[in-house]
Each structure stands twice: as structure tokens, then as C-alpha cells.
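Data block for input_9.cif (mmCIF, C-alpha atoms, pLDDT in the B column; chains and numbers go by the auth columns):
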```cif
data_my_file
loop_
_atom_site.group_PDB
_atom_site.id
_atom_site.type_symbol
_atom_site.label_atom_id
_atom_site.label_comp_id
_atom_site.label_asym_id
_atom_site.label_seq_id
_atom_site.Cartn_x
_atom_site.Cartn_y
_atom_site.Cartn_z
_atom_site.B_iso_or_equiv
_atom_site.auth_seq_id
_atom_site.auth_asym_id
ATOM 1 C CA MET A 1 137.046 52.208 114.814 33.00 4 A
ATOM 2 C CA ASP A 2 136.575 55.835 113.856 36.00 5 A
ATOM 3 C CA GLU A 3 138.155 56.323 110.424 36.00 6 A
ATOM 4 C CA THR A 4 139.335 59.840 111.302 35.00 7 A
ATOM 5 C CA LYS A 5 141.360 58.638 114.278 38.00 8 A
ATOM 6 C CA ASN A 6 145.043 58.205 113.591 40.00 9 A
ATOM 7 C CA VAL A 7 145.743 54.663 114.747 37.00 10 A
ATOM 8 C CA ASN A 8 149.481 55.332 114.684 42.00 11 A
ATOM 9 C CA ASP A 9 149.254 58.099 117.281 42.00 12 A
ATOM 10 C CA MET A 10 150.684 57.010 120.629 42.00 13 A
ATOM 11 C CA SER A 11 149.598 60.143 122.441 41.00 14 A
ATOM 12 C CA THR A 12 147.454 59.904 125.503 36.00 15 A
ATOM 13 C CA SER A 13 143.920 58.860 124.663 38.00 16 A
ATOM 14 C CA GLY A 14 141.441 61.590 123.946 37.00 17 A
ATOM 15 C CA SER A 15 144.061 64.172 122.990 43.00 18 A
ATOM 16 C CA GLU A 16 143.326 66.660 120.243 43.00 19 A
ATOM 17 C CA THR A 17 146.115 65.167 118.103 45.00 20 A
ATOM 18 C CA GLU A 18 144.660 61.688 118.422 39.00 21 A
ATOM 19 C CA GLN A 19 141.244 62.904 117.310 37.00 22 A
ATOM 20 C CA ARG A 20 142.506 64.789 114.269 49.00 23 A
ATOM 21 C CA GLU A 21 142.272 63.445 110.727 56.00 24 A
ATOM 22 C CA ASN A 22 145.380 62.092 109.063 56.00 25 A
ATOM 23 C CA TYR A 23 145.747 65.186 106.829 57.00 26 A
ATOM 24 C CA GLY A 24 145.201 63.256 103.614 64.00 27 A
ATOM 25 C CA GLN A 25 148.320 61.131 104.107 68.00 28 A
ATOM 26 C CA PRO A 26 148.255 57.328 104.148 76.00 29 A
ATOM 27 C CA HIS A 27 148.277 56.150 107.753 76.00 30 A
ATOM 28 C CA PHE A 28 151.777 54.673 107.433 80.00 31 A
ATOM 29 C CA ALA A 29 153.100 58.149 106.575 80.00 32 A
ATOM 30 C CA TYR A 30 152.280 59.621 109.985 78.00 33 A
ATOM 31 C CA PHE A 31 153.243 58.728 113.513 78.00 34 A
ATOM 32 C CA GLN A 32 153.256 60.880 116.617 81.00 35 A
ATOM 33 C CA ASN A 33 154.597 59.767 119.970 80.00 36 A
ATOM 34 C CA SER A 34 153.615 62.545 122.338 83.00 37 A
ATOM 35 C CA ARG A 35 154.611 60.304 125.269 87.00 38 A
ATOM 36 C CA CYS A 36 158.256 60.343 124.159 85.00 39 A
ATOM 37 C CA GLU A 37 160.498 61.869 126.807 86.00 40 A
ATOM 38 C CA TYR A 38 161.896 64.216 124.134 79.00 41 A
ATOM 39 C CA PHE A 39 158.540 65.312 122.680 81.00 42 A
ATOM 40 C CA PRO A 40 158.407 67.873 121.314 79.00 43 A
ATOM 41 C CA CYS A 41 161.988 67.893 120.094 78.00 44 A
ATOM 42 C CA HIS A 42 161.276 70.966 117.954 79.00 45 A
ATOM 43 C CA LYS A 43 158.865 73.861 118.378 79.00 46 A
ATOM 44 C CA LEU A 44 155.374 72.594 117.571 79.00 47 A
ATOM 45 C CA PRO A 45 153.529 74.282 114.718 79.00 48 A
ATOM 46 C CA GLU A 46 150.307 76.134 115.509 78.00 49 A
ATOM 47 C CA ASN A 47 148.162 73.387 113.992 77.00 50 A
ATOM 48 C CA GLY A 48 149.780 70.779 116.260 74.00 51 A
ATOM 49 C CA PHE A 49 150.645 68.450 113.394 77.00 52 A
ATOM 50 C CA PHE A 50 154.041 66.955 114.145 81.00 53 A
ATOM 51 C CA ASN A 51 155.200 63.783 112.450 81.00 54 A
ATOM 52 C CA CYS A 52 157.651 61.699 114.481 82.00 55 A
ATOM 53 C CA LEU A 53 158.027 59.060 111.756 80.00 56 A
ATOM 54 C CA PHE A 54 161.451 60.405 110.808 81.00 57 A
ATOM 55 C CA CYS A 55 162.551 61.010 114.397 81.00 58 A
ATOM 56 C CA TYR A 56 166.184 60.711 113.396 84.00 59 A
ATOM 57 C CA CYS A 57 166.100 62.398 110.029 88.00 60 A
ATOM 58 C CA PRO A 58 167.313 60.108 107.252 89.00 61 A
ATOM 59 C CA LEU A 59 168.398 63.200 105.304 93.00 62 A
ATOM 60 C CA TYR A 60 171.006 64.236 107.883 91.00 63 A
ATOM 61 C CA ALA A 61 173.711 62.367 105.956 90.00 64 A
ATOM 62 C CA LEU A 62 173.067 64.473 102.862 92.00 65 A
ATOM 63 C CA GLY A 63 174.708 67.460 104.558 90.00 66 A
ATOM 64 C CA ASP A 64 173.851 70.719 102.824 91.00 67 A
ATOM 65 C CA LYS A 65 171.809 68.861 100.179 92.00 68 A
ATOM 66 C CA CYS A 66 169.086 67.717 102.598 93.00 69 A
ATOM 67 C CA GLY A 67 166.779 70.648 101.846 94.00 70 A
ATOM 68 C CA GLY A 68 166.057 71.425 105.482 93.00 71 A
ATOM 69 C CA ASN A 69 166.547 74.472 107.670 93.00 72 A
ATOM 70 C CA PHE A 70 169.812 73.717 109.472 94.00 73 A
ATOM 71 C CA ARG A 71 173.065 75.369 110.426 94.00 74 A
ATOM 72 C CA TYR A 72 176.527 74.137 111.292 94.00 75 A
ATOM 73 C CA ASN A 73 177.467 74.858 114.894 93.00 76 A
ATOM 74 C CA GLU A 74 180.841 76.106 116.129 95.00 77 A
ATOM 75 C CA LYS A 75 182.151 72.510 116.314 95.00 78 A
ATOM 76 C CA GLY A 76 181.173 71.856 112.702 92.00 79 A
ATOM 77 C CA PHE A 77 178.214 69.611 113.494 91.00 80 A
ATOM 78 C CA LYS A 78 174.939 69.943 111.674 92.00 81 A
ATOM 79 C CA ASP A 79 172.296 71.492 113.958 91.00 82 A
ATOM 80 C CA CYS A 80 168.754 70.759 112.810 90.00 83 A
ATOM 81 C CA THR A 81 166.977 72.319 115.798 86.00 84 A
ATOM 82 C CA ASN A 82 165.061 74.771 113.592 88.00 85 A
ATOM 83 C CA CYS A 83 164.204 72.232 110.895 90.00 86 A
ATOM 84 C CA GLN A 84 160.626 71.068 110.460 87.00 87 A
ATOM 85 C CA LEU A 85 161.092 69.403 107.061 91.00 88 A
ATOM 86 C CA PRO A 86 160.652 65.734 108.071 88.00 89 A
ATOM 87 C CA HIS A 87 157.875 66.625 110.533 85.00 90 A
ATOM 88 C CA LYS A 88 155.465 68.318 108.113 84.00 91 A
ATOM 89 C CA ARG A 89 152.648 66.331 106.559 79.00 92 A
ATOM 90 C CA LYS A 90 153.452 67.420 103.001 84.00 93 A
ATOM 91 C CA ASN A 91 157.066 66.235 103.170 87.00 94 A
ATOM 92 C CA TYR A 92 156.698 62.456 103.472 87.00 95 A
ATOM 93 C CA GLY A 93 157.134 62.122 99.700 88.00 96 A
ATOM 94 C CA TYR A 94 160.067 64.540 99.715 92.00 97 A
ATOM 95 C CA VAL A 95 161.922 62.539 102.376 92.00 98 A
ATOM 96 C CA THR A 96 161.255 59.144 100.806 90.00 99 A
ATOM 97 C CA GLY A 97 162.077 60.622 97.391 92.00 100 A
ATOM 98 C CA LYS A 98 165.618 61.260 98.647 93.00 101 A
ATOM 99 C CA TYR A 99 166.280 57.589 99.455 92.00 102 A
ATOM 100 C CA GLN A 100 167.986 56.910 96.141 94.00 103 A
ATOM 101 C CA GLU A 101 170.295 59.863 96.739 93.00 104 A
ATOM 102 C CA LEU A 102 171.106 58.399 100.157 93.00 105 A
ATOM 103 C CA ALA A 103 171.727 54.967 98.635 94.00 106 A
ATOM 104 C CA ASP A 104 174.071 56.503 96.064 94.00 107 A
ATOM 105 C CA LEU A 105 175.934 58.335 98.840 92.00 108 A
ATOM 106 C CA MET A 106 176.343 55.129 100.837 91.00 109 A
ATOM 107 C CA LYS A 107 177.588 53.328 97.728 93.00 110 A
ATOM 108 C CA LYS A 108 180.292 55.984 97.301 91.00 111 A
ATOM 109 C CA VAL A 109 181.267 55.648 100.958 89.00 112 A
ATOM 110 C CA ARG A 110 181.598 51.863 100.598 89.00 113 A
ATOM 111 C CA GLU A 111 183.628 52.230 97.401 89.00 114 A
ATOM 112 C CA ASN A 112 185.985 54.694 99.126 86.00 115 A
ATOM 113 C CA GLN A 113 186.394 52.293 102.056 82.00 116 A
ATOM 114 C CA ASP A 114 187.183 49.439 99.659 76.00 117 A
ATOM 115 C CA VAL A 115 189.876 51.530 97.940 75.00 118 A
ATOM 116 C CA LYS A 116 191.446 52.450 101.293 75.00 119 A
ATOM 117 C CA GLU A 117 191.505 48.805 102.437 74.00 120 A
ATOM 118 C CA LYS A 118 193.389 47.650 99.316 68.00 121 A
#
```

Hey, can you dump this file as C-alpha cells for me?
Amino acid sequence: MDETKNVNDMSTSGSETEQRENYGQPHFAYFQNSRCEYFPCHKLPENGFFNCLFCYCPLYALGDKCGGNFRYNEKGFKDCTNCQLPHKRKNYGYVTGKYQELADLMKKVRENQDVKEK
């Protein structure tokens, strides 16, 4: 197998994305599913690199502390349409580096639920 081919890419065979190197990331840090019925869910960057690994962004729950480019819509929901943070090659470490913050948030939620149930 060609070492420059991204084995995690599920795009149609022979596509430019499939042929491209893995941008210096470990192979588990990149996945692109160009056959997804929602692809692309955001505007694609000029270089075509778009990481679908965090399709549903794990940082969404962090609200305004996620670090991404979002807005709150008129109904008060977080709208991440213009956010590329989890889809950029350089941000795998940023996203996974926030897992402890997410775990701490979930711990607080559980503790609050326990207090309400008592």
C-alpha cells in the first residue's frame, strides 16, 4: 500500500483527497467521508483538507469556552456553521486536549443531578 494514501479516507477511489498525504498527523487523527450525504457540512477550505473525525464536535458542550467560531442563533442555540476548528489538521491535539475539561463538566452535571434527586 502506498504510504502517502490516507487509509481512513472513505472518498471515492482515485480522488485528490484520497491521494493526498496525511499532513503529518497520525492516521488515526484524520478521517474524511466524502460519500456522506451531508458532506461537506461546512465550506471546504481551499486546500481540500477536511477532517470528519469530529463530525459531531465534542466541544459543543463547552458553550462559549470551546474555542471555535460560533454564534448563538435567535432561539439561543449554538450555531457552529462557520466553525472549522475540529476539521483542521492542526487541531486534533486541541480537541483531544479539551477532554478533561469535558469530563469535569460532565462530573458537575452529574453532581447537580444527584443533589436535585435527593

Contacts of segment 79-85 of chain A at 10 Å (all atoms listed in the file; same-chain gap of 4+ positions) as a list in words: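 Skipping anything fewer than 4 positions along the chain leaves Cys44, His45, Lys46, Cys60, Tyr63, Ala64, Gly66, Asp67, Gly71, Asn72, Phe73, Arg74 and Tyr75 of chain A.
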
Would you output that residue set with C-alpha atoms, as a PDB file, keeping the file's coordinate frame?
```pdb
ATOM      1  CA  CYS A  44     161.988  67.893 120.094  1.00 78.00           C
ATOM      2  CA  HIS A  45     161.276  70.966 117.954  1.00 79.00           C
ATOM      3  CA  LYS A  46     158.865  73.861 118.378  1.00 79.00           C
ATOM      4  CA  CYS A  60     166.100  62.398 110.029  1.00 88.00           C
ATOM      5  CA  TYR A  63     171.006  64.236 107.883  1.00 91.00           C
ATOM      6  CA  ALA A  64     173.711  62.367 105.956  1.00 90.00           C
ATOM      7  CA  GLY A  66     174.708  67.460 104.558  1.00 90.00           C
ATOM      8  CA  ASP A  67     173.851  70.719 102.824  1.00 91.00           C
ATOM      9  CA  GLY A  71     166.057  71.425 105.482  1.00 93.00           C
ATOM     10  CA  ASN A  72     166.547  74.472 107.670  1.00 93.00           C
ATOM     11  CA  PHE A  73     169.812  73.717 109.472  1.00 94.00           C
ATOM     12  CA  ARG A  74     173.065  75.369 110.426  1.00 94.00           C
ATOM     13  CA  TYR A  75     176.527  74.137 111.292  1.00 94.00           C
TER      14      TYR A  75
END
```

Selected residue, from A:Phe57, A:Phe31, A:Leu62, A:Pro48, that lies nearest to Ala106 of chain A when counting all atoms listed in the file: A:Leu62

Reference answer for the PyMOL selection byres ((chain A and resi 47) around 12), as number ranges by chain: A: 20, 35, 37, 42-46, 48-55, 84-87, 90-91

With C-alpha atoms kept, could you save the residues just selected as a PDB file, keeping the file's coordinate frame?
```pdb
ATOM      1  CA  THR A  20     146.115  65.167 118.103  1.00 45.00           C
ATOM      2  CA  GLN A  35     153.256  60.880 116.617  1.00 81.00           C
ATOM      3  CA  SER A  37     153.615  62.545 122.338  1.00 83.00           C
ATOM      4  CA  PHE A  42     158.540  65.312 122.680  1.00 81.00           C
ATOM      5  CA  PRO A  43     158.407  67.873 121.314  1.00 79.00           C
ATOM      6  CA  CYS A  44     161.988  67.893 120.094  1.00 78.00           C
ATOM      7  CA  HIS A  45     161.276  70.966 117.954  1.00 79.00           C
ATOM      8  CA  LYS A  46     158.865  73.861 118.378  1.00 79.00           C
ATOM      9  CA  PRO A  48     153.529  74.282 114.718  1.00 79.00           C
ATOM     10  CA  GLU A  49     150.307  76.134 115.509  1.00 78.00           C
ATOM     11  CA  ASN A  50     148.162  73.387 113.992  1.00 77.00           C
ATOM     12  CA  GLY A  51     149.780  70.779 116.260  1.00 74.00           C
ATOM     13  CA  PHE A  52     150.645  68.450 113.394  1.00 77.00           C
ATOM     14  CA  PHE A  53     154.041  66.955 114.145  1.00 81.00           C
ATOM     15  CA  ASN A  54     155.200  63.783 112.450  1.00 81.00           C
ATOM     16  CA  CYS A  55     157.651  61.699 114.481  1.00 82.00           C
ATOM     17  CA  THR A  84     166.977  72.319 115.798  1.00 86.00           C
ATOM     18  CA  ASN A  85     165.061  74.771 113.592  1.00 88.00           C
ATOM     19  CA  CYS A  86     164.204  72.232 110.895  1.00 90.00           C
ATOM     20  CA  GLN A  87     160.626  71.068 110.460  1.00 87.00           C
ATOM     21  CA  HIS A  90     157.875  66.625 110.533  1.00 85.00           C
ATOM     22  CA  LYS A  91     155.465  68.318 108.113  1.00 84.00           C
TER      23      LYS A  91
END
```

When the PyMOL selection byres ((chain A and resi 95-101) around 9) is applied to the structure above, which residues does it catch, written out as a CSV table (one decimal) with C-alpha atoms, in the coordinates of the input?
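Saved file selection-v7.csv follows:
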```
chain,number,residue,atom,x,y,z
A,28,GLN,CA,148.3,61.1,104.1
A,32,ALA,CA,153.1,58.1,106.6
A,33,TYR,CA,152.3,59.6,110.0
A,57,PHE,CA,161.5,60.4,110.8
A,60,CYS,CA,166.1,62.4,110.0
A,61,PRO,CA,167.3,60.1,107.3
A,62,LEU,CA,168.4,63.2,105.3
A,69,CYS,CA,169.1,67.7,102.6
A,88,LEU,CA,161.1,69.4,107.1
A,89,PRO,CA,160.7,65.7,108.1
A,90,HIS,CA,157.9,66.6,110.5
A,91,LYS,CA,155.5,68.3,108.1
A,92,ARG,CA,152.6,66.3,106.6
A,93,LYS,CA,153.5,67.4,103.0
A,94,ASN,CA,157.1,66.2,103.2
A,102,TYR,CA,166.3,57.6,99.5
A,103,GLN,CA,168.0,56.9,96.1
A,104,GLU,CA,170.3,59.9,96.7
A,105,LEU,CA,171.1,58.4,100.2
A,106,ALA,CA,171.7,55.0,98.6
```

Atom pair atom CA of Val112 of chain A / atom CA of Leu56 of chain A: separation (Å):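 Between atom CA of Val112 of chain A and atom CA of Leu56 of chain A the gap works out to 25.9 Å.
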
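Note that the spacing between atom CA of Asn115 of chain A and atom CA of Leu65 of chain A amounts to 16.6 Å.
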
Using all atoms of segment 88-96 of chain A that appear in the file, construct an axis-aligned enclosing box with 4 Å of padding on every side and provide its centre coordinates and edge lengths in Å, rounded to one decimal, as AutoDock Vina command-line options.
```
--center_x 156.9 --center_y 65.8 --center_z 105.1 --size_x 16.4 --size_y 15.3 --size_z 18.8
```

Two-atom distance - atom CA of Lys78 of chain A, atom CA of Lys111 of chain A (Å): 25.3 Å
